[in-house]
file query-v6.cif (mmCIF, C-alpha atoms)
data_query
loop_
_atom_site.label_atom_id
_atom_site.label_comp_id
_atom_site.auth_asym_id
_atom_site.auth_seq_id
_atom_site.Cartn_x
_atom_site.Cartn_y
_atom_site.Cartn_z
CA MET A 1 29.48 -24.61 -43.56
CA ASP A 2 32.08 -24.09 -40.83
CA ASP A 3 31.53 -20.37 -41.03
CA SER A 4 27.80 -20.55 -40.31
CA ALA A 5 28.40 -22.95 -37.40
CA ASP A 6 30.89 -20.46 -35.98
CA THR A 7 28.46 -17.58 -36.21
CA ILE A 8 25.77 -19.65 -34.49
CA ASN A 9 28.22 -20.52 -31.71
CA LEU A 10 29.20 -16.90 -31.37
CA LEU A 11 25.56 -15.82 -31.18
CA LEU A 12 24.89 -18.42 -28.52
CA LEU A 13 27.89 -17.23 -26.53
CA ILE A 14 26.69 -13.65 -26.71
CA LEU A 15 23.19 -14.73 -25.70
CA ILE A 16 24.38 -16.82 -22.75
CA TYR A 17 26.93 -14.39 -21.37
CA GLY A 18 25.27 -11.22 -22.60
CA MET A 19 21.89 -11.85 -20.98
CA PRO A 20 22.98 -11.31 -17.35
CA VAL A 21 24.91 -8.23 -18.41
CA PHE A 22 21.88 -6.90 -20.23
CA LEU A 23 19.63 -7.61 -17.24
CA ALA A 24 22.10 -5.91 -14.91
CA VAL A 25 22.31 -2.79 -17.07
CA PHE A 26 18.53 -2.73 -17.53
CA GLY A 27 18.02 -3.14 -13.79
CA LEU A 28 20.54 -0.43 -13.00
CA VAL A 29 19.07 2.15 -15.40
CA VAL A 30 15.36 1.57 -14.80
CA GLY A 31 15.86 0.78 -11.11
CA SER A 32 17.68 3.99 -10.32
CA ILE A 33 15.16 6.09 -12.27
CA LEU A 34 12.33 4.49 -10.29
CA GLU A 35 14.20 4.91 -7.01
CA ARG A 36 14.84 8.61 -7.63
CA ARG A 37 11.18 9.11 -8.54
CA HIS A 38 10.05 7.29 -5.40
CA PHE A 39 12.32 9.38 -3.16
CA ALA A 40 10.98 12.58 -4.75
CA SER A 41 7.41 11.45 -4.08
CA ILE A 42 8.30 10.50 -0.48
CA ARG A 43 9.88 13.90 0.22
CA GLN A 44 6.91 15.73 -1.25
CA ARG A 45 4.37 13.73 0.77
CA GLU A 46 6.44 14.03 3.95
CA LEU A 47 6.19 17.81 3.66
CA GLN A 48 2.47 17.53 3.04
CA TYR A 49 1.92 15.48 6.22
CA ALA A 50 4.51 17.25 8.38
CA ARG A 51 1.82 18.67 10.70
CA LEU A 52 0.73 15.18 11.80
CA PRO A 53 3.26 14.07 14.45
CA ILE A 54 4.21 10.45 15.11
CA PHE A 55 5.56 9.25 18.47
CA PRO A 56 7.15 5.92 19.32
CA THR A 57 6.22 6.56 22.96
CA ARG A 58 2.97 5.50 24.63
CA SER A 59 1.60 8.97 25.09
CA ALA A 60 2.39 12.23 23.41
CA ASP A 61 0.92 15.07 25.41
CA ALA A 62 -0.09 14.05 28.94
CA ASP A 63 -1.82 17.37 29.64
CA ARG A 64 -4.49 16.96 27.00
CA SER A 65 -7.24 14.40 27.25
CA VAL A 66 -7.69 11.95 24.43
CA VAL A 67 -11.23 11.33 23.23
CA ASP A 68 -10.75 8.74 20.53
CA GLY A 69 -8.10 6.25 19.48
CA HIS A 70 -7.77 3.26 17.20
CA LEU A 71 -5.21 1.07 15.51
CA VAL A 72 -3.69 1.95 12.12
CA VAL A 73 -1.58 -0.47 10.09
CA ALA A 74 0.36 -0.03 6.85
CA SER A 75 2.84 -2.22 5.08
CA VAL A 76 5.04 -2.30 2.00
CA VAL A 77 7.02 -5.08 0.30
CA VAL A 78 10.12 -4.04 -1.62
CA SER A 79 12.97 -5.75 -3.41
CA LEU A 80 16.35 -4.81 -4.84
CA ASP A 81 16.98 -4.54 -8.56
CA TYR A 82 19.11 -7.09 -10.39
CA PHE A 83 22.23 -4.93 -10.50
CA LYS A 84 22.16 -3.99 -6.82
CA LYS A 85 21.57 -7.61 -5.89
CA ILE A 86 24.87 -8.46 -7.62
CA LEU A 87 26.58 -5.56 -5.83
CA ALA A 88 25.18 -6.69 -2.48
CA SER A 89 26.41 -10.24 -2.99
CA LEU A 90 29.88 -8.90 -3.86
CA ARG A 91 29.79 -7.06 -0.54
CA ASN A 92 29.70 -10.42 1.17
CA ILE A 93 33.30 -10.97 0.16
CA PHE A 94 34.78 -7.81 1.64
CA GLY A 95 32.24 -6.89 4.30
CA GLY A 96 31.21 -3.36 5.15
CA ASN A 97 28.15 -1.23 4.51
CA VAL A 98 25.69 -2.69 2.03
CA ARG A 99 24.57 0.69 0.79
CA SER A 100 22.02 -0.64 -1.69
CA TYR A 101 20.06 -2.26 1.13
CA GLU A 102 20.36 0.86 3.28
CA SER A 103 18.57 3.01 0.75
CA LEU A 104 16.03 0.28 -0.01
CA LEU A 105 15.03 -0.07 3.64
CA ASP A 106 15.01 3.69 4.12
CA ARG A 107 12.54 3.97 1.25
CA ALA A 108 10.37 1.17 2.57
CA LYS A 109 10.18 2.53 6.12
CA ARG A 110 9.39 6.07 5.06
CA GLU A 111 6.76 4.80 2.64
CA ALA A 112 5.11 2.64 5.33
CA ILE A 113 4.96 5.59 7.75
CA LEU A 114 3.48 7.81 5.05
CA ARG A 115 0.78 5.22 4.33
CA LEU A 116 -0.10 5.27 8.03
CA LYS A 117 -0.55 9.02 7.93
CA GLU A 118 -2.55 8.91 4.70
CA GLN A 119 -5.12 6.65 6.36
CA VAL A 120 -5.86 9.10 9.19
CA PRO A 121 -5.29 12.63 7.85
CA ASP A 122 -7.72 14.19 10.36
CA CYS A 123 -6.33 12.75 13.62
CA ASP A 124 -4.05 14.78 15.95
CA ALA A 125 -1.21 12.33 16.48
CA ILE A 126 -0.13 8.72 16.09
CA ILE A 127 1.33 7.21 19.27
CA ASN A 128 3.16 4.00 20.10
CA LEU A 129 4.57 3.61 16.59
CA ARG A 130 6.10 0.19 15.92
CA LEU A 131 8.18 -0.63 12.86
CA GLU A 132 8.97 -4.18 11.94
CA THR A 133 11.04 -5.59 9.10
CA SER A 134 10.84 -9.17 7.97
CA ASN A 135 12.54 -11.11 5.24
CA LEU A 136 10.25 -12.91 2.80
CA ALA A 137 13.09 -14.62 0.94
CA ASN A 138 13.61 -18.34 0.98
CA VAL A 139 15.15 -18.93 4.34
CA HIS A 140 15.14 -22.69 3.98
CA SER A 141 16.84 -23.05 0.63
CA ARG A 142 19.88 -21.66 -1.05
CA LYS A 143 17.99 -21.51 -4.33
CA LYS A 144 17.62 -18.01 -5.63
CA GLY A 145 14.06 -16.86 -5.29
CA ILE A 146 12.13 -13.65 -5.63
CA GLY A 147 12.66 -12.64 -2.07
CA GLY A 148 11.73 -9.27 -0.77
CA VAL A 149 11.56 -7.38 2.46
CA GLU A 150 8.33 -6.44 4.16
CA VAL A 151 8.17 -3.37 6.36
CA ILE A 152 5.10 -2.98 8.53
CA ALA A 153 4.30 0.14 10.53
CA TYR A 154 1.53 0.33 13.11
CA GLY A 155 0.40 2.60 15.87
CA THR A 156 -2.61 4.15 17.56
CA ALA A 157 -4.16 7.21 15.96
CA ILE A 158 -5.59 9.58 18.57
CA ARG A 159 -7.70 12.72 18.69
CA TYR A 160 -7.53 15.26 21.51
CA ARG A 161 -10.53 16.97 23.07
CA SER A 162 -10.78 20.32 21.33
CA GLU A 163 -9.88 23.22 23.59
CA ASN A 164 -12.45 25.97 23.42
CA MET B 1 -6.00 -2.18 5.05
CA ASN B 2 -8.32 -0.73 7.64
CA LEU B 3 -7.96 -2.49 10.98
CA SER B 4 -9.17 0.30 13.26
CA SER B 5 -12.20 -1.69 14.34
CA ILE B 6 -13.52 -5.01 13.08
CA GLN B 7 -17.12 -6.06 13.79
CA GLY B 8 -17.45 -3.28 16.32
CA VAL B 9 -14.41 -4.34 18.35
CA VAL B 10 -11.99 -1.45 18.87
CA LEU B 11 -8.28 -2.24 18.44
CA THR B 12 -5.34 -0.25 19.84
CA ASN B 13 -1.68 -0.99 20.42
CA VAL B 14 -1.42 0.98 23.68
CA GLU B 15 -2.42 -0.31 27.12
CA GLN B 16 -5.76 1.53 27.25
CA VAL B 17 -8.60 2.36 24.96
CA PRO B 18 -8.21 6.15 24.62
CA GLY B 19 -11.21 8.01 26.00
CA LYS B 20 -12.56 4.95 27.83
CA THR B 21 -11.80 2.99 30.99
CA ILE B 22 -11.14 -0.73 31.04
CA VAL B 23 -13.55 -2.56 33.35
CA GLU B 24 -12.60 -6.16 32.70
CA HIS B 25 -9.65 -8.17 31.30
CA TYR B 26 -10.16 -11.44 29.43
CA GLY B 27 -6.52 -12.29 28.69
CA LEU B 28 -4.63 -13.15 25.52
CA VAL B 29 -6.34 -13.51 22.15
CA THR B 30 -4.45 -14.54 19.02
CA GLY B 31 -5.00 -14.97 15.32
CA ASN B 32 -2.74 -16.42 12.67
CA THR B 33 -2.71 -17.28 9.00
CA VAL B 34 -0.15 -18.89 6.72
CA ARG B 35 -0.30 -17.74 3.12
CA ALA B 36 1.49 -18.81 -0.01
CA LYS B 37 1.66 -16.68 -3.12
CA HIS B 38 0.20 -18.00 -6.35
CA VAL B 39 2.11 -18.51 -9.56
CA GLY B 40 0.61 -15.61 -11.49
CA ARG B 41 1.68 -13.15 -8.86
CA ASP B 42 5.08 -14.81 -8.70
CA ILE B 43 5.65 -14.30 -12.42
CA ALA B 44 4.56 -10.67 -12.28
CA ALA B 45 6.75 -10.13 -9.22
CA SER B 46 9.76 -11.73 -10.87
CA PHE B 47 9.56 -9.15 -13.68
CA LYS B 48 9.20 -6.36 -11.15
CA ASN B 49 12.14 -7.87 -9.31
CA LEU B 50 14.43 -6.97 -12.20
CA VAL B 51 14.06 -3.25 -11.61
CA GLY B 52 13.45 -3.38 -7.86
CA GLY B 53 11.09 -1.22 -5.84
CA GLU B 54 7.71 -2.11 -4.44
CA LEU B 55 6.17 -5.50 -5.23
CA LYS B 56 2.53 -4.34 -5.10
CA GLY B 57 1.12 -7.85 -5.50
CA TYR B 58 2.91 -9.01 -2.40
CA THR B 59 1.97 -5.92 -0.40
CA GLU B 60 -1.68 -6.62 -1.21
CA LEU B 61 -1.39 -10.33 -0.46
CA LEU B 62 0.17 -9.78 2.95
CA GLY B 63 -2.31 -7.01 3.73
CA ASP B 64 -5.24 -9.35 3.03
CA ALA B 65 -3.65 -12.11 5.07
CA ARG B 66 -3.05 -9.76 8.00
CA GLU B 67 -6.68 -8.66 7.86
CA GLN B 68 -7.77 -12.30 8.04
CA ALA B 69 -5.51 -13.01 11.02
CA THR B 70 -6.87 -9.93 12.80
CA THR B 71 -10.45 -10.99 12.09
CA ARG B 72 -9.71 -14.37 13.68
CA MET B 73 -8.33 -12.65 16.75
CA VAL B 74 -11.39 -10.40 16.97
CA GLU B 75 -13.74 -13.40 16.72
CA GLN B 76 -11.93 -14.96 19.67
CA ALA B 77 -12.28 -11.73 21.64
CA GLN B 78 -15.99 -11.51 20.86
CA ALA B 79 -16.53 -15.09 22.01
CA LEU B 80 -15.08 -14.04 25.38
CA GLY B 81 -17.44 -11.09 25.59
CA ALA B 82 -14.86 -8.36 24.95
CA ASN B 83 -15.54 -5.15 23.06
CA ALA B 84 -11.90 -4.08 22.55
CA VAL B 85 -8.45 -5.56 22.07
CA VAL B 86 -5.51 -3.58 23.49
CA ASN B 87 -1.75 -3.95 23.11
CA VAL B 88 -2.06 -5.50 19.65
CA ARG B 89 1.23 -6.80 18.17
CA PHE B 90 1.97 -8.09 14.68
CA SER B 91 4.67 -10.43 13.54
CA THR B 92 5.61 -11.95 10.19
CA SER B 93 7.87 -14.90 9.56
CA ALA B 94 8.83 -16.85 6.47
CA VAL B 95 8.11 -20.40 7.63
CA ALA B 96 8.59 -22.31 4.39
CA GLN B 97 9.62 -21.56 0.86
CA GLY B 98 7.10 -19.16 -0.60
CA ALA B 99 4.88 -19.08 2.49
CA ALA B 100 4.71 -16.58 5.30
CA GLU B 101 2.98 -16.74 8.65
CA LEU B 102 1.22 -13.63 9.87
CA TYR B 103 0.52 -13.58 13.56
CA VAL B 104 -1.50 -11.09 15.60
CA TYR B 105 -2.00 -11.07 19.35
CA GLY B 106 -3.38 -8.77 21.99
CA THR B 107 -5.30 -8.55 25.24
CA ALA B 108 -9.08 -8.75 25.11
CA VAL B 109 -10.83 -6.25 27.39
CA ARG B 110 -14.17 -4.66 28.07
CA ALA B 111 -14.01 -0.88 27.96
CA GLU B 112 -16.73 1.59 28.89
#
call {"tool": "encode", "arguments": {"input": "query-v6.cif", "output": "structure tokens"}}
result
Amino acid sequence: MDDSADTINLLLLILIYGMPVFLAVFGLVVGSILERRHFASIRQRELQYARLPIFPTRSADADRSVVDGHLVVASVVVSLDYFKKILASLRNIFGGNVRSYESLLDRAKREAILRLKEQVPDCDAIINLRLETSNLANVHSRKKGIGGVEVIAYGTAIRYRSEN
Amino acid sequence: MNLSSIQGVVLTNVEQVPGKTIVEHYGLVTGNTVRAKHVGRDIAASFKNLVGGELKGYTELLGDAREQATTRMVEQAQALGANAVVNVRFSTSAVAQGAAELYVYGTAVRAE
């Protein structure tokens, strides 16, 4: 009788303390596979759209006259995986670079810019690029929520008068 | 999300409308919307949250909300008699738990 109660207690202990560990390992493994795949796709698409320049300035080539221009907007919402979230919160103790967030935001910004370009593949340039990052996490409560970071990229896609 | 022109009103985020000249200014026009996510999307996102990466449901939700805010801004511009909005700016802020405000503003003009 005592024996079976002990095994049940042991199983409960494993379940209670093992679950976060399991989630962390699962997050780490699947999360880093997905991240690597995403970066590969970003690099490949960046090469593909390399001929379409983007400028954060108000005009790109003052000598050429622009015939057409309109707004383009793209956004992406990303979040950290369970394991990296734990790492990032540990960083709060010692301070320093939170590398997991650096790569997350790098991914998000490059993805948002690529989505801009994918909308207007036949324009000559995108000018006045603006990038904005905003936190969607619960700012008004300490309760853990889903959270996430939104990156929005917008600019004006222009076409030059063809020279011929 | 295609916000290049809504209801025939051209939008840009530079000071002019490229290829046209501005003949009249009507001043500031704004549009906003506050959206909360629904539970189904929250549950799906919480699973996705485990492995990180893009939360597609949220991207879509905010994209739709931004389109609505922009449409509201455009309706204001049209009521003033404008045919373009220049210098468009976007901003997002988390105003309450689970709700975000999307705000768009710009200058309504007539361009010919």
call {"tool": "closest_residue", "arguments": {"input": "query-v6.cif", "among": "B:Ala84, B:Ala79, B:Val95, B:Leu55", "to": "Glu112 (chain B)", "atoms": "all atoms listed in the file"}}
result
B:Ala84
call {"tool": "atom_distance", "arguments": {"input": "query-v6.cif", "atom1": "CA of Glu118 (chain A)", "atom2": "CA of Ile152 (chain A)"}}
result
14.6 Å
call {"tool": "atom_distance", "arguments": {"input": "query-v6.cif", "atom1": "CA of Arg45 (chain A)", "atom2": "CA of Glu150 (chain A)"}}
result
20.8 Å
call {"tool": "residues_around", "arguments": {"input": "query-v6.cif", "residues": "Tyr49 (chain A)", "least_positions_apart": "6", "cutoff": "12 Å", "atoms": "all atoms listed in the file", "output": "MDAnalysis selection string"}}
result
chainID A and resid 42:43 113:125
call {"tool": "resolve_selection", "arguments": {"input": "query-v6.cif", "expression": "the PyMOL selection byres ((chain B) within 8 of (chain A))", "output": "ChimeraX atom specification"}}
result
/B:1-5,10-14,17-20,42,45-46,49-56,58-59,63,91-98,100
call {"tool": "closest_residue", "arguments": {"input": "query-v6.cif", "among": "B:Arg89, B:His25, B:Lys48, B:Arg35", "to": "Gln68 (chain B)", "atoms": "all atoms listed in the file"}}
result
B:Arg35
call {"tool": "atom_distance", "arguments": {"input": "query-v6.cif", "atom1": "CA of Val104 (chain B)", "atom2": "CA of Arg66 (chain B)"}}
result
7.9 Å
call {"tool": "resolve_selection", "arguments": {"input": "query-v6.cif", "expression": "the PyMOL selection byres ((chain B and resi 69) around 6)", "output": "list in words"}}
result
Gly31, Asn32, Thr33, Arg66, Glu67, Gln68, Thr70, Thr71 and Arg72 of chain B
